[in-house]
>>> print(open('work23.pdb').read())   # PDB, C-alpha atoms, pLDDT in the B column
ATOM      1  CA  MET A   1      -6.034   7.295  -3.293  1.00 61.00           C
ATOM      2  CA  THR A   2      -5.488   7.890   0.427  1.00 70.00           C
ATOM      3  CA  ARG A   3      -7.537   4.798   1.284  1.00 72.00           C
ATOM      4  CA  LEU A   4      -5.569   2.743  -1.254  1.00 72.00           C
ATOM      5  CA  LEU A   5      -2.213   3.855   0.169  1.00 76.00           C
ATOM      6  CA  THR A   6      -3.402   3.154   3.700  1.00 78.00           C
ATOM      7  CA  THR A   7      -4.583  -0.287   2.630  1.00 78.00           C
ATOM      8  CA  LEU A   8      -1.244  -0.967   0.948  1.00 81.00           C
ATOM      9  CA  ARG A   9       0.564  -0.162   4.195  1.00 83.00           C
ATOM     10  CA  TRP A  10      -1.790  -2.476   6.076  1.00 82.00           C
ATOM     11  CA  GLU A  11      -1.148  -5.220   3.519  1.00 83.00           C
ATOM     12  CA  MET A  12       2.588  -4.978   4.147  1.00 87.00           C
ATOM     13  CA  VAL A  13       2.030  -5.240   7.906  1.00 84.00           C
ATOM     14  CA  LEU A  14      -0.305  -8.201   7.445  1.00 82.00           C
ATOM     15  CA  GLN A  15       2.146  -9.997   5.156  1.00 86.00           C
ATOM     16  CA  ALA A  16       4.977  -9.418   7.607  1.00 87.00           C
ATOM     17  CA  ARG A  17       2.918 -10.747  10.538  1.00 87.00           C
ATOM     18  CA  ALA A  18       1.952 -13.810   8.502  1.00 84.00           C
ATOM     19  CA  GLN A  19       5.660 -14.486   7.863  1.00 89.00           C
ATOM     20  CA  PHE A  20       5.224 -14.108   4.099  1.00 89.00           C
ATOM     21  CA  TYR A  21       8.500 -12.213   3.825  1.00 92.00           C
ATOM     22  CA  VAL A  22      10.316 -15.019   5.627  1.00 92.00           C
ATOM     23  CA  VAL A  23       8.773 -17.591   3.295  1.00 91.00           C
ATOM     24  CA  THR A  24       9.690 -15.439   0.302  1.00 92.00           C
ATOM     25  CA  ALA A  25      13.312 -15.245   1.432  1.00 93.00           C
ATOM     26  CA  ILE A  26      13.452 -19.016   1.907  1.00 93.00           C
ATOM     27  CA  VAL A  27      11.936 -19.663  -1.527  1.00 90.00           C
ATOM     28  CA  ALA A  28      14.370 -17.208  -3.111  1.00 93.00           C
ATOM     29  CA  GLY A  29      17.285 -18.975  -1.443  1.00 93.00           C
ATOM     30  CA  VAL A  30      16.066 -22.350  -2.708  1.00 92.00           C
ATOM     31  CA  TRP A  31      15.702 -21.017  -6.249  1.00 91.00           C
ATOM     32  CA  ILE A  32      19.164 -19.474  -6.174  1.00 92.00           C
ATOM     33  CA  GLY A  33      20.678 -22.732  -4.946  1.00 92.00           C
ATOM     34  CA  LEU A  34      18.879 -24.811  -7.563  1.00 90.00           C
ATOM     35  CA  LEU A  35      19.775 -22.484 -10.416  1.00 89.00           C
ATOM     36  CA  LEU A  36      23.433 -22.284  -9.417  1.00 90.00           C
ATOM     37  CA  LEU A  37      23.592 -26.074  -9.266  1.00 91.00           C
ATOM     38  CA  LEU A  38      22.503 -26.378 -12.890  1.00 86.00           C
ATOM     39  CA  PRO A  39      25.246 -27.093 -15.433  1.00 86.00           C
ATOM     40  CA  GLU A  40      26.699 -24.000 -17.026  1.00 83.00           C
ATOM     41  CA  ALA A  41      25.370 -25.128 -20.398  1.00 78.00           C
ATOM     42  CA  LEU A  42      21.804 -24.939 -19.093  1.00 76.00           C
ATOM     43  CA  ARG A  43      22.336 -21.554 -17.429  1.00 80.00           C
ATOM     44  CA  SER A  44      24.043 -20.020 -20.441  1.00 82.00           C
ATOM     45  CA  SER A  45      20.738 -18.983 -22.050  1.00 86.00           C
ATOM     46  CA  PRO A  46      18.675 -16.818 -19.683  1.00 90.00           C
ATOM     47  CA  ALA A  47      15.788 -16.702 -22.173  1.00 89.00           C
ATOM     48  CA  ALA A  48      15.392 -20.469 -21.906  1.00 88.00           C
ATOM     49  CA  LEU A  49      15.325 -20.474 -18.110  1.00 90.00           C
ATOM     50  CA  VAL A  50      14.431 -17.147 -16.495  1.00 92.00           C
ATOM     51  CA  PRO A  51      10.832 -16.682 -17.778  1.00 93.00           C
ATOM     52  CA  ALA A  52       9.901 -20.235 -16.829  1.00 91.00           C
ATOM     53  CA  PHE A  53      11.227 -20.093 -13.266  1.00 90.00           C
ATOM     54  CA  ILE A  54       9.691 -16.659 -12.672  1.00 94.00           C
ATOM     55  CA  ALA A  55       6.326 -17.919 -13.910  1.00 94.00           C
ATOM     56  CA  SER A  56       6.664 -20.953 -11.640  1.00 91.00           C
ATOM     57  CA  ASN A  57       7.789 -18.902  -8.648  1.00 92.00           C
ATOM     58  CA  LEU A  58       4.840 -16.548  -8.989  1.00 94.00           C
ATOM     59  CA  GLN A  59       2.541 -19.467  -8.269  1.00 92.00           C
ATOM     60  CA  ILE A  60       3.713 -19.101  -4.671  1.00 91.00           C
ATOM     61  CA  THR A  61       4.393 -15.399  -4.277  1.00 91.00           C
ATOM     62  CA  ALA A  62       1.264 -14.164  -6.046  1.00 94.00           C
ATOM     63  CA  PHE A  63      -1.337 -16.899  -6.585  1.00 95.00           C
ATOM     64  CA  PHE A  64      -1.087 -18.851  -3.322  1.00 94.00           C
ATOM     65  CA  PHE A  65      -0.097 -15.862  -1.181  1.00 94.00           C
ATOM     66  CA  ILE A  66      -3.250 -13.927  -2.082  1.00 94.00           C
ATOM     67  CA  ALA A  67      -5.322 -17.030  -1.468  1.00 94.00           C
ATOM     68  CA  ALA A  68      -3.730 -17.458   1.955  1.00 92.00           C
ATOM     69  CA  LEU A  69      -4.352 -13.792   2.806  1.00 91.00           C
ATOM     70  CA  VAL A  70      -8.030 -13.964   1.872  1.00 90.00           C
ATOM     71  CA  LEU A  71      -8.532 -17.197   3.830  1.00 91.00           C
ATOM     72  CA  LEU A  72      -6.707 -15.709   6.820  1.00 88.00           C
ATOM     73  CA  GLU A  73      -8.857 -12.576   6.790  1.00 86.00           C
ATOM     74  CA  LYS A  74     -12.008 -14.662   6.445  1.00 85.00           C
ATOM     75  CA  SER A  75     -11.079 -16.790   9.460  1.00 82.00           C
ATOM     76  CA  GLN A  76     -10.174 -13.764  11.579  1.00 79.00           C
ATOM     77  CA  GLY A  77     -13.290 -11.791  10.653  1.00 76.00           C
ATOM     78  CA  THR A  78     -11.216  -8.988   9.135  1.00 76.00           C
ATOM     79  CA  ILE A  79     -13.263  -8.907   5.958  1.00 74.00           C
ATOM     80  CA  SER A  80     -16.430  -8.420   8.008  1.00 73.00           C
ATOM     81  CA  ALA A  81     -14.921  -5.197   9.355  1.00 72.00           C
ATOM     82  CA  LEU A  82     -13.750  -4.117   5.912  1.00 71.00           C
ATOM     83  CA  VAL A  83     -17.219  -4.574   4.434  1.00 68.00           C
ATOM     84  CA  VAL A  84     -18.676  -1.882   6.715  1.00 70.00           C
ATOM     85  CA  SER A  85     -15.672   0.440   6.289  1.00 72.00           C
ATOM     86  CA  PRO A  86     -15.314   3.134   3.598  1.00 73.00           C
ATOM     87  CA  LEU A  87     -12.872   0.852   1.734  1.00 76.00           C
ATOM     88  CA  ARG A  88     -14.203  -0.034  -1.710  1.00 85.00           C
ATOM     89  CA  PRO A  89     -13.946  -3.592  -3.074  1.00 85.00           C
ATOM     90  CA  GLY A  90     -11.721  -2.408  -5.917  1.00 88.00           C
ATOM     91  CA  GLU A  91      -9.317  -0.834  -3.445  1.00 87.00           C
ATOM     92  CA  TYR A  92      -9.158  -4.043  -1.421  1.00 88.00           C
ATOM     93  CA  VAL A  93      -8.460  -6.139  -4.516  1.00 92.00           C
ATOM     94  CA  GLY A  94      -6.036  -3.595  -5.967  1.00 92.00           C
ATOM     95  CA  ALA A  95      -4.033  -3.302  -2.754  1.00 91.00           C
ATOM     96  CA  LYS A  96      -3.724  -7.072  -2.496  1.00 93.00           C
ATOM     97  CA  GLY A  97      -2.535  -7.395  -6.086  1.00 94.00           C
ATOM     98  CA  LEU A  98      -0.144  -4.434  -6.024  1.00 94.00           C
ATOM     99  CA  SER A  99       1.537  -5.415  -2.758  1.00 93.00           C
ATOM    100  CA  LEU A 100       2.125  -8.990  -3.883  1.00 95.00           C
ATOM    101  CA  ALA A 101       3.283  -7.959  -7.362  1.00 96.00           C
ATOM    102  CA  VAL A 102       5.879  -5.640  -5.815  1.00 94.00           C
ATOM    103  CA  LEU A 103       6.989  -8.392  -3.451  1.00 94.00           C
ATOM    104  CA  ALA A 104       7.289 -10.827  -6.362  1.00 94.00           C
ATOM    105  CA  MET A 105       9.208  -8.283  -8.417  1.00 95.00           C
ATOM    106  CA  ALA A 106      11.717  -7.694  -5.616  1.00 95.00           C
ATOM    107  CA  GLU A 107      12.147 -11.399  -4.895  1.00 95.00           C
ATOM    108  CA  ASN A 108      12.723 -12.413  -8.504  1.00 95.00           C
ATOM    109  CA  ALA A 109      15.033  -9.464  -9.122  1.00 96.00           C
ATOM    110  CA  VAL A 110      17.278 -10.712  -6.322  1.00 95.00           C
ATOM    111  CA  ILE A 111      17.255 -14.247  -7.715  1.00 95.00           C
ATOM    112  CA  VAL A 112      18.102 -13.158 -11.256  1.00 94.00           C
ATOM    113  CA  ALA A 113      20.764 -10.699 -10.084  1.00 94.00           C
ATOM    114  CA  VAL A 114      22.539 -13.336  -7.995  1.00 94.00           C
ATOM    115  CA  VAL A 115      22.449 -15.972 -10.730  1.00 91.00           C
ATOM    116  CA  TYR A 116      22.902 -13.843 -13.863  1.00 90.00           C
ATOM    117  CA  GLY A 117      24.259 -10.503 -12.710  1.00 88.00           C
ATOM    118  CA  PHE A 118      23.036  -7.173 -14.020  1.00 88.00           C
ATOM    119  CA  GLU A 119      23.595  -7.591 -17.747  1.00 86.00           C
ATOM    120  CA  LEU A 120      20.003  -8.438 -18.646  1.00 92.00           C
ATOM    121  CA  ARG A 121      17.397  -5.924 -19.823  1.00 94.00           C
ATOM    122  CA  TRP A 122      16.078  -5.094 -16.384  1.00 95.00           C
ATOM    123  CA  GLY A 123      13.315  -2.719 -17.431  1.00 95.00           C
ATOM    124  CA  TRP A 124      11.493  -5.375 -19.414  1.00 96.00           C
ATOM    125  CA  LEU A 125      12.278  -8.067 -16.858  1.00 96.00           C
ATOM    126  CA  LEU A 126      10.820  -6.082 -13.977  1.00 97.00           C
ATOM    127  CA  LEU A 127       7.817  -4.968 -16.003  1.00 97.00           C
ATOM    128  CA  GLY A 128       7.077  -8.544 -17.053  1.00 97.00           C
ATOM    129  CA  THR A 129       7.408  -9.817 -13.481  1.00 97.00           C
ATOM    130  CA  PHE A 130       5.157  -7.068 -12.134  1.00 97.00           C
ATOM    131  CA  ALA A 131       2.516  -7.642 -14.812  1.00 97.00           C
ATOM    132  CA  LEU A 132       2.530 -11.403 -14.374  1.00 97.00           C
ATOM    133  CA  GLY A 133       2.412 -10.998 -10.598  1.00 97.00           C
ATOM    134  CA  LEU A 134      -0.748  -8.910 -10.897  1.00 97.00           C
ATOM    135  CA  VAL A 135      -2.414 -11.409 -13.226  1.00 98.00           C
ATOM    136  CA  TYR A 136      -1.516 -14.337 -10.954  1.00 98.00           C
ATOM    137  CA  ALA A 137      -2.704 -12.485  -7.855  1.00 97.00           C
ATOM    138  CA  PHE A 138      -6.045 -11.462  -9.329  1.00 97.00           C
ATOM    139  CA  VAL A 139      -6.690 -14.967 -10.680  1.00 97.00           C
ATOM    140  CA  GLY A 140      -5.692 -16.349  -7.288  1.00 96.00           C
ATOM    141  CA  LEU A 141      -8.343 -14.192  -5.624  1.00 96.00           C
ATOM    142  CA  VAL A 142     -10.903 -15.432  -8.139  1.00 96.00           C
ATOM    143  CA  ALA A 143      -9.914 -19.014  -7.384  1.00 96.00           C
ATOM    144  CA  VAL A 144     -10.169 -18.693  -3.592  1.00 95.00           C
ATOM    145  CA  ALA A 145     -13.200 -16.403  -3.317  1.00 91.00           C
ATOM    146  CA  ARG A 146     -15.815 -19.114  -2.730  1.00 90.00           C
ATOM    147  CA  PHE A 147     -13.740 -21.214  -0.312  1.00 90.00           C
ATOM    148  CA  ASP A 148     -13.320 -20.870   3.450  1.00 87.00           C
ATOM    149  CA  THR A 149     -10.562 -23.414   4.130  1.00 88.00           C
ATOM    150  CA  ILE A 150      -7.236 -24.263   2.519  1.00 89.00           C
ATOM    151  CA  ASN A 151      -8.170 -27.943   2.250  1.00 89.00           C
ATOM    152  CA  ARG A 152     -11.204 -27.215   0.092  1.00 91.00           C
ATOM    153  CA  PHE A 153      -9.249 -24.744  -2.011  1.00 93.00           C
ATOM    154  CA  LEU A 154      -6.157 -26.803  -2.839  1.00 90.00           C
ATOM    155  CA  MET A 155      -7.613 -29.272  -5.322  1.00 92.00           C
ATOM    156  CA  PRO A 156      -9.499 -26.692  -7.448  1.00 92.00           C
ATOM    157  CA  SER A 157      -6.456 -24.434  -7.340  1.00 94.00           C
ATOM    158  CA  MET A 158      -4.481 -27.017  -9.312  1.00 95.00           C
ATOM    159  CA  LEU A 159      -6.816 -26.499 -12.265  1.00 95.00           C
ATOM    160  CA  TYR A 160      -6.090 -22.771 -12.226  1.00 95.00           C
ATOM    161  CA  ILE A 161      -2.344 -23.393 -11.948  1.00 95.00           C
ATOM    162  CA  ALA A 162      -2.453 -25.814 -14.876  1.00 95.00           C
ATOM    163  CA  PHE A 163      -4.356 -23.276 -16.954  1.00 95.00           C
ATOM    164  CA  LEU A 164      -1.955 -20.452 -16.104  1.00 95.00           C
ATOM    165  CA  GLY A 165       1.029 -22.599 -17.094  1.00 94.00           C
ATOM    166  CA  LEU A 166      -0.250 -23.533 -20.558  1.00 95.00           C
ATOM    167  CA  PRO A 167       1.603 -20.750 -22.463  1.00 95.00           C
ATOM    168  CA  LEU A 168       4.916 -22.315 -21.454  1.00 94.00           C
ATOM    169  CA  LEU A 169       4.085 -25.045 -23.973  1.00 94.00           C
ATOM    170  CA  GLY A 170       4.044 -22.409 -26.688  1.00 92.00           C
ATOM    171  CA  TYR A 171       7.055 -20.579 -25.288  1.00 90.00           C
ATOM    172  CA  TYR A 172       9.187 -23.708 -25.651  1.00 89.00           C
ATOM    173  CA  GLY A 173       7.777 -24.598 -29.049  1.00 88.00           C
ATOM    174  CA  LEU A 174       5.880 -27.711 -27.982  1.00 92.00           C
ATOM    175  CA  VAL A 175       2.808 -26.219 -29.646  1.00 92.00           C
ATOM    176  CA  PRO A 176       2.520 -23.101 -31.846  1.00 93.00           C
ATOM    177  CA  ARG A 177       2.776 -19.978 -29.713  1.00 91.00           C
ATOM    178  CA  TRP A 178      -0.143 -18.305 -31.476  1.00 91.00           C
ATOM    179  CA  VAL A 179      -2.475 -20.891 -29.907  1.00 94.00           C
ATOM    180  CA  PHE A 180      -2.116 -18.952 -26.635  1.00 95.00           C
ATOM    181  CA  ALA A 181      -2.243 -15.465 -28.156  1.00 93.00           C
ATOM    182  CA  VAL A 182      -5.288 -14.511 -26.069  1.00 95.00           C
ATOM    183  CA  HIS A 183      -4.124 -16.277 -22.907  1.00 96.00           C
ATOM    184  CA  PRO A 184      -3.575 -13.855 -19.964  1.00 97.00           C
ATOM    185  CA  VAL A 185      -0.072 -15.156 -19.205  1.00 97.00           C
ATOM    186  CA  LEU A 186       1.523 -14.970 -22.651  1.00 96.00           C
ATOM    187  CA  PRO A 187       1.901 -11.141 -22.890  1.00 97.00           C
ATOM    188  CA  PRO A 188       3.803 -10.852 -19.567  1.00 97.00           C
ATOM    189  CA  LEU A 189       5.807 -13.926 -20.557  1.00 96.00           C
ATOM    190  CA  VAL A 190       6.835 -12.110 -23.732  1.00 96.00           C
ATOM    191  CA  LEU A 191       8.037  -9.170 -21.619  1.00 97.00           C
ATOM    192  CA  LEU A 192      10.101 -11.557 -19.512  1.00 96.00           C
ATOM    193  CA  GLU A 193      11.585 -12.939 -22.717  1.00 95.00           C
ATOM    194  CA  ALA A 194      12.402  -9.389 -23.822  1.00 95.00           C
ATOM    195  CA  GLY A 195      14.319  -8.986 -20.584  1.00 94.00           C
ATOM    196  CA  CYS A 196      16.597 -11.833 -21.599  1.00 92.00           C
ATOM    197  CA  THR A 197      16.982 -11.561 -25.373  1.00 91.00           C
ATOM    198  CA  ASP A 198      16.085  -9.474 -28.417  1.00 91.00           C
ATOM    199  CA  VAL A 199      12.468  -9.565 -29.549  1.00 91.00           C
ATOM    200  CA  GLY A 200      10.755  -7.649 -32.321  1.00 91.00           C
ATOM    201  CA  ALA A 201       9.013  -4.314 -31.870  1.00 93.00           C
ATOM    202  CA  GLY A 202       5.646  -5.878 -32.698  1.00 93.00           C
ATOM    203  CA  THR A 203       6.200  -8.515 -30.044  1.00 94.00           C
ATOM    204  CA  LEU A 204       6.963  -5.827 -27.475  1.00 96.00           C
ATOM    205  CA  VAL A 205       3.797  -3.935 -28.364  1.00 97.00           C
ATOM    206  CA  TYR A 206       1.826  -7.159 -27.961  1.00 97.00           C
ATOM    207  CA  GLY A 207       3.489  -7.768 -24.605  1.00 96.00           C
ATOM    208  CA  VAL A 208       2.802  -4.298 -23.229  1.00 97.00           C
ATOM    209  CA  VAL A 209      -0.721  -3.862 -24.562  1.00 97.00           C
ATOM    210  CA  GLY A 210      -1.728  -7.455 -23.863  1.00 97.00           C
ATOM    211  CA  SER A 211      -0.422  -7.254 -20.300  1.00 97.00           C
ATOM    212  CA  ALA A 212      -2.343  -4.027 -19.657  1.00 98.00           C
ATOM    213  CA  VAL A 213      -5.543  -5.500 -21.060  1.00 98.00           C
ATOM    214  CA  TRP A 214      -5.289  -8.704 -19.046  1.00 98.00           C
ATOM    215  CA  ILE A 215      -4.376  -6.886 -15.837  1.00 98.00           C
ATOM    216  CA  GLY A 216      -7.544  -4.841 -16.274  1.00 97.00           C
ATOM    217  CA  LEU A 217      -9.730  -7.829 -17.116  1.00 98.00           C
ATOM    218  CA  THR A 218      -8.464 -10.031 -14.296  1.00 98.00           C
ATOM    219  CA  PHE A 219      -8.827  -7.122 -11.858  1.00 97.00           C
ATOM    220  CA  VAL A 220     -12.479  -6.670 -12.857  1.00 97.00           C
ATOM    221  CA  TRP A 221     -13.018 -10.430 -12.606  1.00 96.00           C
ATOM    222  CA  ALA A 222     -11.434 -10.547  -9.141  1.00 96.00           C
ATOM    223  CA  ARG A 223     -13.446  -7.563  -7.945  1.00 95.00           C
ATOM    224  CA  ARG A 224     -16.705  -9.127  -9.097  1.00 95.00           C
ATOM    225  CA  ARG A 225     -15.920 -12.454  -7.466  1.00 94.00           C
ATOM    226  CA  PHE A 226     -14.992 -10.644  -4.249  1.00 91.00           C
ATOM    227  CA  VAL A 227     -18.299  -8.785  -4.225  1.00 90.00           C
ATOM    228  CA  ARG A 228     -20.309 -11.881  -5.189  1.00 89.00           C
ATOM    229  CA  ASP A 229     -18.638 -14.604  -3.112  1.00 84.00           C
ATOM    230  CA  VAL A 230     -16.714 -12.965  -0.273  1.00 84.00           C
ATOM    231  CA  VAL A 231     -18.737  -9.942   0.809  1.00 79.00           C
ATOM    232  CA  PRO A 232     -22.049 -11.800   1.403  1.00 74.00           C
ATOM    233  CA  THR A 233     -20.357 -14.340   3.690  1.00 68.00           C
ATOM    234  CA  ALA A 234     -18.734 -11.552   5.721  1.00 60.00           C
ATOM    235  CA  ALA A 235     -21.759  -9.305   6.079  1.00 56.00           C
TER     236      ALA A 235
END
>>> encode(input="work23.pdb", output="structure tokens")
Amino acid sequence: MTRLLTTLRWEMVLQARAQFYVVTAIVAGVWIGLLLLLPEALRSSPAALVPAFIASNLQITAFFFIAALVLLEKSQGTISALVVSPLRPGEYVGAKGLSLAVLAMAENAVIVAVVYGFELRWGWLLLGTFALGLVYAFVGLVAVARFDTINRFLMPSMLYIAFLGLPLLGYYGLVPRWVFAVHPVLPPLVLLEAGCTDVGAGTLVYGVVGSAVWIGLTFVWARRRFVRDVVPTAA
């Protein structure tokens, strides 16, 4: 636990040095401006808008941020030092995911508060954002693990982004929602929906349990890819 907390503190320092907080503030400002420019009729239903923009925003704050951090540490030789340190791979992956999920949760909370005020169901909204941030971050680490440069990573990353966005088709009724019942993004998306409107108790159970399961599975996947693809190149 001590190593994990220490690593979390280092992650915050690294993100600050890499100007991630500045980028996050700029992105938040852009989102706020775009959402406030929408006609009132479009903004009148948070459930129709908030989950989709949070899911889209997390592509930057979680998926691409973790990829950028891993590539940066590869180029600087930081991972080579971490490999011979007492830090375990799971602690490295967990610290990355937790720090970015918290950052994403704070950023999106500010956006929603400015645009919609504080009348939404904030517990579910924050939980959904945190859960989805973890899933996006862990999948982002999986996606970037075998690459050493951003240019080689960008094209394959689009396939992951497209896959992660598929449940939005079910959320908006373009295809039956049950088609994506076992997709890792749908449970957190349901929690985001619960933050904006009433959903059934069974739906909430699915959202909570499904999110926990997929956080665990994507964490294990990310840890294995880190050990298989990142550690050997740094040793």
>>> atom_distance(input="work23.pdb", atom1="CA of Thr197 in chain A", atom2="CA of Ile111 in chain A")
17.9 Å
>>> atom_distance(input="work23.pdb", atom1="CA of Ala131 in chain A", atom2="CA of Val30 in chain A")
23.4 Å
>>> residues_around(input="work23.pdb", residues="range 138-152 of chain A", least_positions_apart="3", cutoff="6 Å", atoms="only C-alpha atoms", output="PyMOL selection string")
chain A and resi 63+67+135+218-219+222+225+229-230
>>> residues_around(input="work23.pdb", residues="Leu127 in chain A", least_positions_apart="2", cutoff="12 Å", atoms="all atoms listed in the file", output="NGL selection string")
:A and (101-102 or 104-106 or 108-109 or 121-125 or 129-134 or 187-195 or 204 or 207-208 or 211-212)
>>> atom_distance(input="work23.pdb", atom1="CA of Ala62 in chain A", atom2="CA of Pro39 in chain A")
28.8 Å
>>> residues_around(input="work23.pdb", residues="range 3-16 of chain A", least_positions_apart="5", cutoff="6 Å", atoms="only C-alpha atoms", output="PyMOL selection string")
chain A and resi 21+91+95
>>> write_last_selection(input="work23.pdb", atoms="C-alpha atoms", output="compact mmCIF listing (two decimals), keeping the file's coordinate frame")
# COMPACT_ATOMS: atom_id res chain seq x y z
CA TYR A 21 8.50 -12.21 3.82
CA GLU A 91 -9.32 -0.83 -3.44
CA ALA A 95 -4.03 -3.30 -2.75
>>> residues_around(input="work23.pdb", residues="range 162-173 of chain A", least_positions_apart="6", cutoff="9 Å", atoms="only C-alpha atoms", output="ChimeraX atom specification")
/A:48,51-52,55-56,136,179-181,183-186,189-190
>>> resolve_selection(input="work23.pdb", expression="the PyMOL selection byres ((chain A and resi 115-119) around 10)", output="count of residues only")
21
>>> closest_residue(input="work23.pdb", among="A:Val27, A:Leu100, A:Phe65, A:Gln76", to="Phe53 in chain A", atoms="all atoms listed in the file")
A:Val27
>>> axis_aligned_box(input="work23.pdb", around="range 173-191 of chain A", padding_each_side="8 Å", output="JSON")
{"center_x": 1.4, "center_y": -18.4, "center_z": -25.5, "size_x": 29.3, "size_y": 34.5, "size_z": 28.6}
>>> closest_residue(input="work23.pdb", among="A:Leu82, A:Val93, A:Leu98, A:Leu103", to="Ile60 in chain A", atoms="all atoms listed in the file")
A:Leu103
>>> closest_residue(input="work23.pdb", among="A:Gln59, A:Val22, A:Gly216, A:Leu49", to="Ser157 in chain A", atoms="all atoms listed in the file")
A:Gln59
>>> closest_residue(input="work23.pdb", among="A:Leu58, A:Glu40, A:Pro232, A:Arg224", to="Tyr92 in chain A", atoms="only C-alpha atoms")
A:Arg224
